[in-house]
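Asks: What follows is a single structure, and I will ask about it in a moment.
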Amino acid sequence: MKTHVALLTCLLLMPAALAHAQPYPSKSVRMIVPFSTGGTTDTLGRIYAQHLSEAFGVQFVIDNRVGAGGTIGTEIGARAAPDGYTLVFGSTSSIAVSTALYPEINLNIMRDFVPVANVATASIVLASHPSLPARNIAQLVALARARPGQIAYASSGSGSSLHLCAEYLKYLAKIDLLHVPYKGVGPAMPDLIAGRTQLLFSDMPPFVAHLKTGRLIALGVTTAKRSPLLPDIPAIAETVPGYDLAGWYGILAPAGTPREIVLRLHAEVQKIMAQPQMRERYVSLAIEPAGGTAEQFGAFVKSEIDKWGDLVRRSGAKVQ
């Protein structure tokens, strides 16, 4: 009788043991993008989802979860099972800004996530509609001082990194601009092109076609020096000393995700990043490969949380 019971117990436990022994990944992986379609975070996330699908032989499926400057999607990722089947494709706004801007949300990036890979850095571009009589940052500052609160700038949402880029410009240049928040860069673009808003900070890709046709004008980039990918666009810091912000993108997993899974994902991302065709895609998106170990990415995220948190406090940016 005892032998039969033991045999039955083994048979009942066998499926679970076999499931646990299955190589990762054995089913589709959800990659949460906490912004709407059309922006660089979504575009780059889809590129990596496609390549990871091909590399692992299972589908990496993009799940756009929009709202609260990327916090909603990020929190969903933080609460997911730490089994490697939910990842977050994050950015400056959703990872570095959210903790300071939404203190009421029980989200702590360094506690709730494990870093997987830093995939890109980018200069953020300030573009204007041609109807605005300013062709450089100096003219914009002078115009804004002459018309306080009358020049409207769009953003990808209240409290997003793109919103804070404008708030930082207001703070350092001592000007007043009117904020018009949207649910992402994609939804903001039509009103900018139509002239219903006059300014927008964004990564370069959404602007490229419109800059070529003259429907938009690039006024400056947010990094301390001109981007090697955009050498003809002045740095805002050339006119407003001390202005220095940059965008970045990376993959994170819920805290507790097995280290062997994190290392497998990290290694595959490095292979993808090194492919010649990926280098070409990076140039087309006006972004640069990041690289580094998962641990280095974690240290970088911590420094960015500190930097952007200080900016939130000094600029007085608030969620509306």
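All residue names refer to the structure tokens as shown: chains lettered A, B, ... in order, residues numbered from 1 in each chain, ligands numbered from 1 in order.
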I'd like to know which residues of range 201-290 of chain A are helix (DSSP H, G or I) (by DSSP, run on the backbone); could you write them as a PyMOL selection string?
Replies: chain A and resi 205-213+236-238+259-274+276-284
Asks: Pull the strand (DSSP E) assignments for range 18-229 of chain A out of DSSP run on the backbone, and list those residues as a VMD selection string.
Replies: chain A and resid 29 to 33 60 to 64 86 to 91 113 to 122 125 to 128 152 to 155 178 to 181 199 to 202 217 to 221
Asks: Find the residues of range 54-89 of chain A that sit at most 10 Å from range 183-201 of chain A; for each, write down the nearest two atoms and how far apart they are in Å, to one decimal. Count only C-alpha atoms. Sort by chain, then by number going up, and give it as a Markdown table.
Replies:
| residue | atom | partner | partner_atom | distance |
| --- | --- | --- | --- | --- |
| A:Val66 | CA | A:Lys183 | CA | 7.4 |
| A:Gly67 | CA | A:Lys183 | CA | 7.0 |
| A:Ala68 | CA | A:Lys183 | CA | 8.8 |
| A:Gly69 | CA | A:Lys183 | CA | 8.4 |
| A:Gly70 | CA | A:Gly184 | CA | 9.4 |
Asks: Deliver the residues from the most recent selection as a file, using C-alpha atoms, as a PDB file, in the first residue's frame.
Replies:
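Output file selection-v9.pdb is given in full below:
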ATOM      1  CA  VAL A  66      -0.431  53.938 -21.054  1.00  0.00           C
ATOM      2  CA  GLY A  67      -0.831  56.518 -18.302  1.00  0.00           C
ATOM      3  CA  ALA A  68       0.679  58.570 -15.496  1.00  0.00           C
ATOM      4  CA  GLY A  69       3.945  59.297 -17.272  1.00  0.00           C
ATOM      5  CA  GLY A  70       4.626  55.602 -17.766  1.00  0.00           C
TER       6      GLY A  70
END
Asks: How close does range 255-316 of chain A get to range 79-101 of chain A? List, as JSON lines, each residue of range 255-316 of chain A within 9 Å, its nearest atom pair and the distance in Å to one decimal, counting only C-alpha atoms.
Replies:
{"residue": "A:Ala255", "atom": "CA", "partner": "A:Pro82", "partner_atom": "CA", "distance": 6.3}
{"residue": "A:Gly256", "atom": "CA", "partner": "A:Pro82", "partner_atom": "CA", "distance": 5.4}
{"residue": "A:Thr257", "atom": "CA", "partner": "A:Pro82", "partner_atom": "CA", "distance": 4.3}
{"residue": "A:Pro258", "atom": "CA", "partner": "A:Asp83", "partner_atom": "CA", "distance": 7.0}
{"residue": "A:Ile261", "atom": "CA", "partner": "A:Gly84", "partner_atom": "CA", "distance": 6.5}
{"residue": "A:Val262", "atom": "CA", "partner": "A:Gly84", "partner_atom": "CA", "distance": 7.7}
{"residue": "A:Val301", "atom": "CA", "partner": "A:Ala96", "partner_atom": "CA", "distance": 6.8}
{"residue": "A:Lys302", "atom": "CA", "partner": "A:Ala96", "partner_atom": "CA", "distance": 8.0}
{"residue": "A:Ser303", "atom": "CA", "partner": "A:Ala96", "partner_atom": "CA", "distance": 8.7}
{"residue": "A:Glu304", "atom": "CA", "partner": "A:Ala96", "partner_atom": "CA", "distance": 5.6}
{"residue": "A:Ile305", "atom": "CA", "partner": "A:Ala96", "partner_atom": "CA", "distance": 4.2}
{"residue": "A:Asp306", "atom": "CA", "partner": "A:Ala96", "partner_atom": "CA", "distance": 7.8}
{"residue": "A:Lys307", "atom": "CA", "partner": "A:Ala96", "partner_atom": "CA", "distance": 8.2}
{"residue": "A:Trp308", "atom": "CA", "partner": "A:Val97", "partner_atom": "CA", "distance": 5.7}
{"residue": "A:Gly309", "atom": "CA", "partner": "A:Ala100", "partner_atom": "CA", "distance": 5.0}
{"residue": "A:Asp310", "atom": "CA", "partner": "A:Ala100", "partner_atom": "CA", "distance": 8.2}
{"residue": "A:Val312", "atom": "CA", "partner": "A:Ala100", "partner_atom": "CA", "distance": 6.7}
{"residue": "A:Arg313", "atom": "CA", "partner": "A:Ala100", "partner_atom": "CA", "distance": 8.0}
Asks: Could you write out the selected residues, including N, CA and C atoms, as a short mmCIF file (atom, residue, chain, number, x, y, z; two decimals), in the first residue's frame?
Replies:
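Result written to result_29.cif:
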data_model
loop_
_atom_site.label_atom_id
_atom_site.label_comp_id
_atom_site.auth_asym_id
_atom_site.auth_seq_id
_atom_site.Cartn_x
_atom_site.Cartn_y
_atom_site.Cartn_z
N ALA A 255 11.50 42.04 -9.65
CA ALA A 255 12.46 41.57 -8.64
C ALA A 255 12.17 40.11 -8.30
N GLY A 256 13.23 39.33 -8.16
CA GLY A 256 13.07 37.92 -7.87
C GLY A 256 13.17 37.04 -9.10
N THR A 257 13.22 37.65 -10.28
CA THR A 257 13.40 36.86 -11.50
C THR A 257 14.73 36.11 -11.40
N PRO A 258 14.74 34.80 -11.67
CA PRO A 258 15.98 34.03 -11.54
C PRO A 258 17.15 34.64 -12.30
N ILE A 261 17.95 33.51 -15.84
CA ILE A 261 17.08 34.06 -16.88
C ILE A 261 17.53 35.47 -17.24
N VAL A 262 17.84 36.27 -16.23
CA VAL A 262 18.33 37.63 -16.48
C VAL A 262 19.59 37.60 -17.33
N VAL A 301 20.76 53.28 -13.40
CA VAL A 301 19.36 53.58 -13.08
C VAL A 301 19.27 54.32 -11.76
N LYS A 302 20.04 53.86 -10.76
CA LYS A 302 20.03 54.53 -9.45
C LYS A 302 20.47 55.99 -9.58
N SER A 303 21.52 56.24 -10.35
CA SER A 303 22.00 57.62 -10.51
C SER A 303 20.99 58.47 -11.26
N GLU A 304 20.29 57.89 -12.21
CA GLU A 304 19.28 58.63 -12.96
C GLU A 304 18.06 58.95 -12.10
N ILE A 305 17.67 58.03 -11.25
CA ILE A 305 16.56 58.28 -10.32
C ILE A 305 16.90 59.47 -9.43
N ASP A 306 18.12 59.51 -8.95
CA ASP A 306 18.56 60.63 -8.10
C ASP A 306 18.56 61.94 -8.89
N LYS A 307 19.08 61.90 -10.11
CA LYS A 307 19.20 63.11 -10.93
C LYS A 307 17.84 63.69 -11.29
N TRP A 308 16.95 62.83 -11.81
CA TRP A 308 15.65 63.32 -12.24
C TRP A 308 14.75 63.65 -11.05
N GLY A 309 14.94 62.94 -9.94
CA GLY A 309 14.18 63.28 -8.74
C GLY A 309 14.52 64.67 -8.25
N ASP A 310 15.81 65.01 -8.30
CA ASP A 310 16.25 66.36 -7.94
C ASP A 310 15.65 67.40 -8.89
N VAL A 312 12.79 67.13 -10.53
CA VAL A 312 11.37 67.27 -10.20
C VAL A 312 11.19 68.26 -9.06
N ARG A 313 12.00 68.11 -8.04
CA ARG A 313 11.87 68.97 -6.86
C ARG A 313 12.25 70.42 -7.18
#
Asks: Nearest to Tyr168 in chain A among A:Ile62, A:Leu245, A:Ile233, A:Ile76, with distances taken over only C-alpha atoms: which residue is it?
Replies: A:Leu245
Asks: Can you tell me, as a PDB file with C-alpha atoms, in the first residue's frame, what residues are no more than 7 Å from Phe113 in chain A when counting only C-alpha atoms, ignoring any on the same chain fewer than 5 positions away?
Replies:
ATOM      1  CA  ALA A  78       6.534  45.311 -10.934  1.00  0.00           C
ATOM      2  CA  LEU A 252      13.917  45.369 -16.589  1.00  0.00           C
ATOM      3  CA  ALA A 253      12.308  42.317 -14.975  1.00  0.00           C
ATOM      4  CA  PRO A 254      10.308  41.964 -11.747  1.00  0.00           C
ATOM      5  CA  ALA A 255      12.456  41.568  -8.641  1.00  0.00           C
TER       6      ALA A 255
END
Asks: Within 12 Å of Met278 in chain A, counting only C-alpha atoms, which residues qualify if same-chain residues fewer than 2 places away don't, as a ChimeraX atom specification?
Replies: /A:44,47-48,50-51,119-120,269-276,280-285,287-289
Asks: At a cut-off of 9 Å, using only C-alpha atoms, what residues contact range 121-138 of chain A? Leave out same-chain residues fewer than 3 positions from it and give the result as a ChimeraX atom specification.
Replies: /A:118,141-143,151,153,162,165-166,192-204,207,211,214-223,226-227,229-230,233-234,236,238-240,245-249,285-290
Asks: Can you work out the spacing between CA of Ile251 in chain A and CA of Ala294 in chain A in Å, to one decimal?
Replies: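 Between CA of Ile251 in chain A and CA of Ala294 in chain A the gap is 9.6 Å.
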Asks: Can you pull out every residue within 8 Å of Gly292 in chain A, counting only C-alpha atoms, but drop anything in the same chain fewer than 4 positions away, and send it as a ChimeraX atom specification?
Replies: /A:117-118,296-297
Asks: Next, dump the selected residues to file, keeping only C-alpha atoms, as a CSV table (one decimal), in the first residue's frame.
Replies:
chain,number,residue,atom,x,y,z
A,117,ALA,CA,20.0,45.5,-20.1
A,118,ASN,CA,20.6,49.1,-21.0
A,296,GLN,CA,26.3,48.6,-14.4
A,297,PHE,CA,22.8,49.3,-15.7
Asks: Any idea what the distance is between CA of Ile105 in chain A and CA of Gly39 in chain A?
Replies: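 Straight-line distance from CA of Ile105 in chain A to CA of Gly39 in chain A works out to 24.7 Å.
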Asks: From the list A:Gln22, A:Ser161, A:Asn106, A:Ser28, which residue is nearest Ser53 in chain A when using only C-alpha atoms?
Replies: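 Smallest distance to Ser53 in chain A is found for A:Ser28.
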Asks: Excluding Arg46 in chain A and any residue of its chain fewer than 6 positions from it, enumerate the residues within 10 Å of it, using only C-alpha atoms, and give them as a list in words.
Replies: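 Once the adjacent positions are removed, what remains is Met31, Val33, Thr37, Thr40, Leu52, Phe60, Val61, Ile62, Asp63 and Phe89 of chain A.
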Asks: Give me a file of those residues, with C-alpha atoms, as a CSV table (one decimal), in the first residue's frame.
Replies:
chain,number,residue,atom,x,y,z
A,31,MET,CA,7.1,43.0,-22.8
A,33,VAL,CA,5.8,49.3,-23.0
A,37,THR,CA,2.4,53.5,-30.0
A,40,THR,CA,10.7,55.9,-29.7
A,52,LEU,CA,14.2,38.3,-29.2
A,60,PHE,CA,7.9,38.4,-27.3
A,61,VAL,CA,4.6,40.3,-27.3
A,62,ILE,CA,4.4,44.1,-26.8
A,63,ASP,CA,1.8,45.2,-24.3
A,89,PHE,CA,10.8,48.1,-21.7
Asks: Figure out the distance between CA of Pro25 in chain A and CA of Arg279 in chain A, please, to one decimal in Å.
Replies: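 If I compute the distance from CA of Arg279 in chain A to CA of Pro25 in chain A, I get 26.2 Å.
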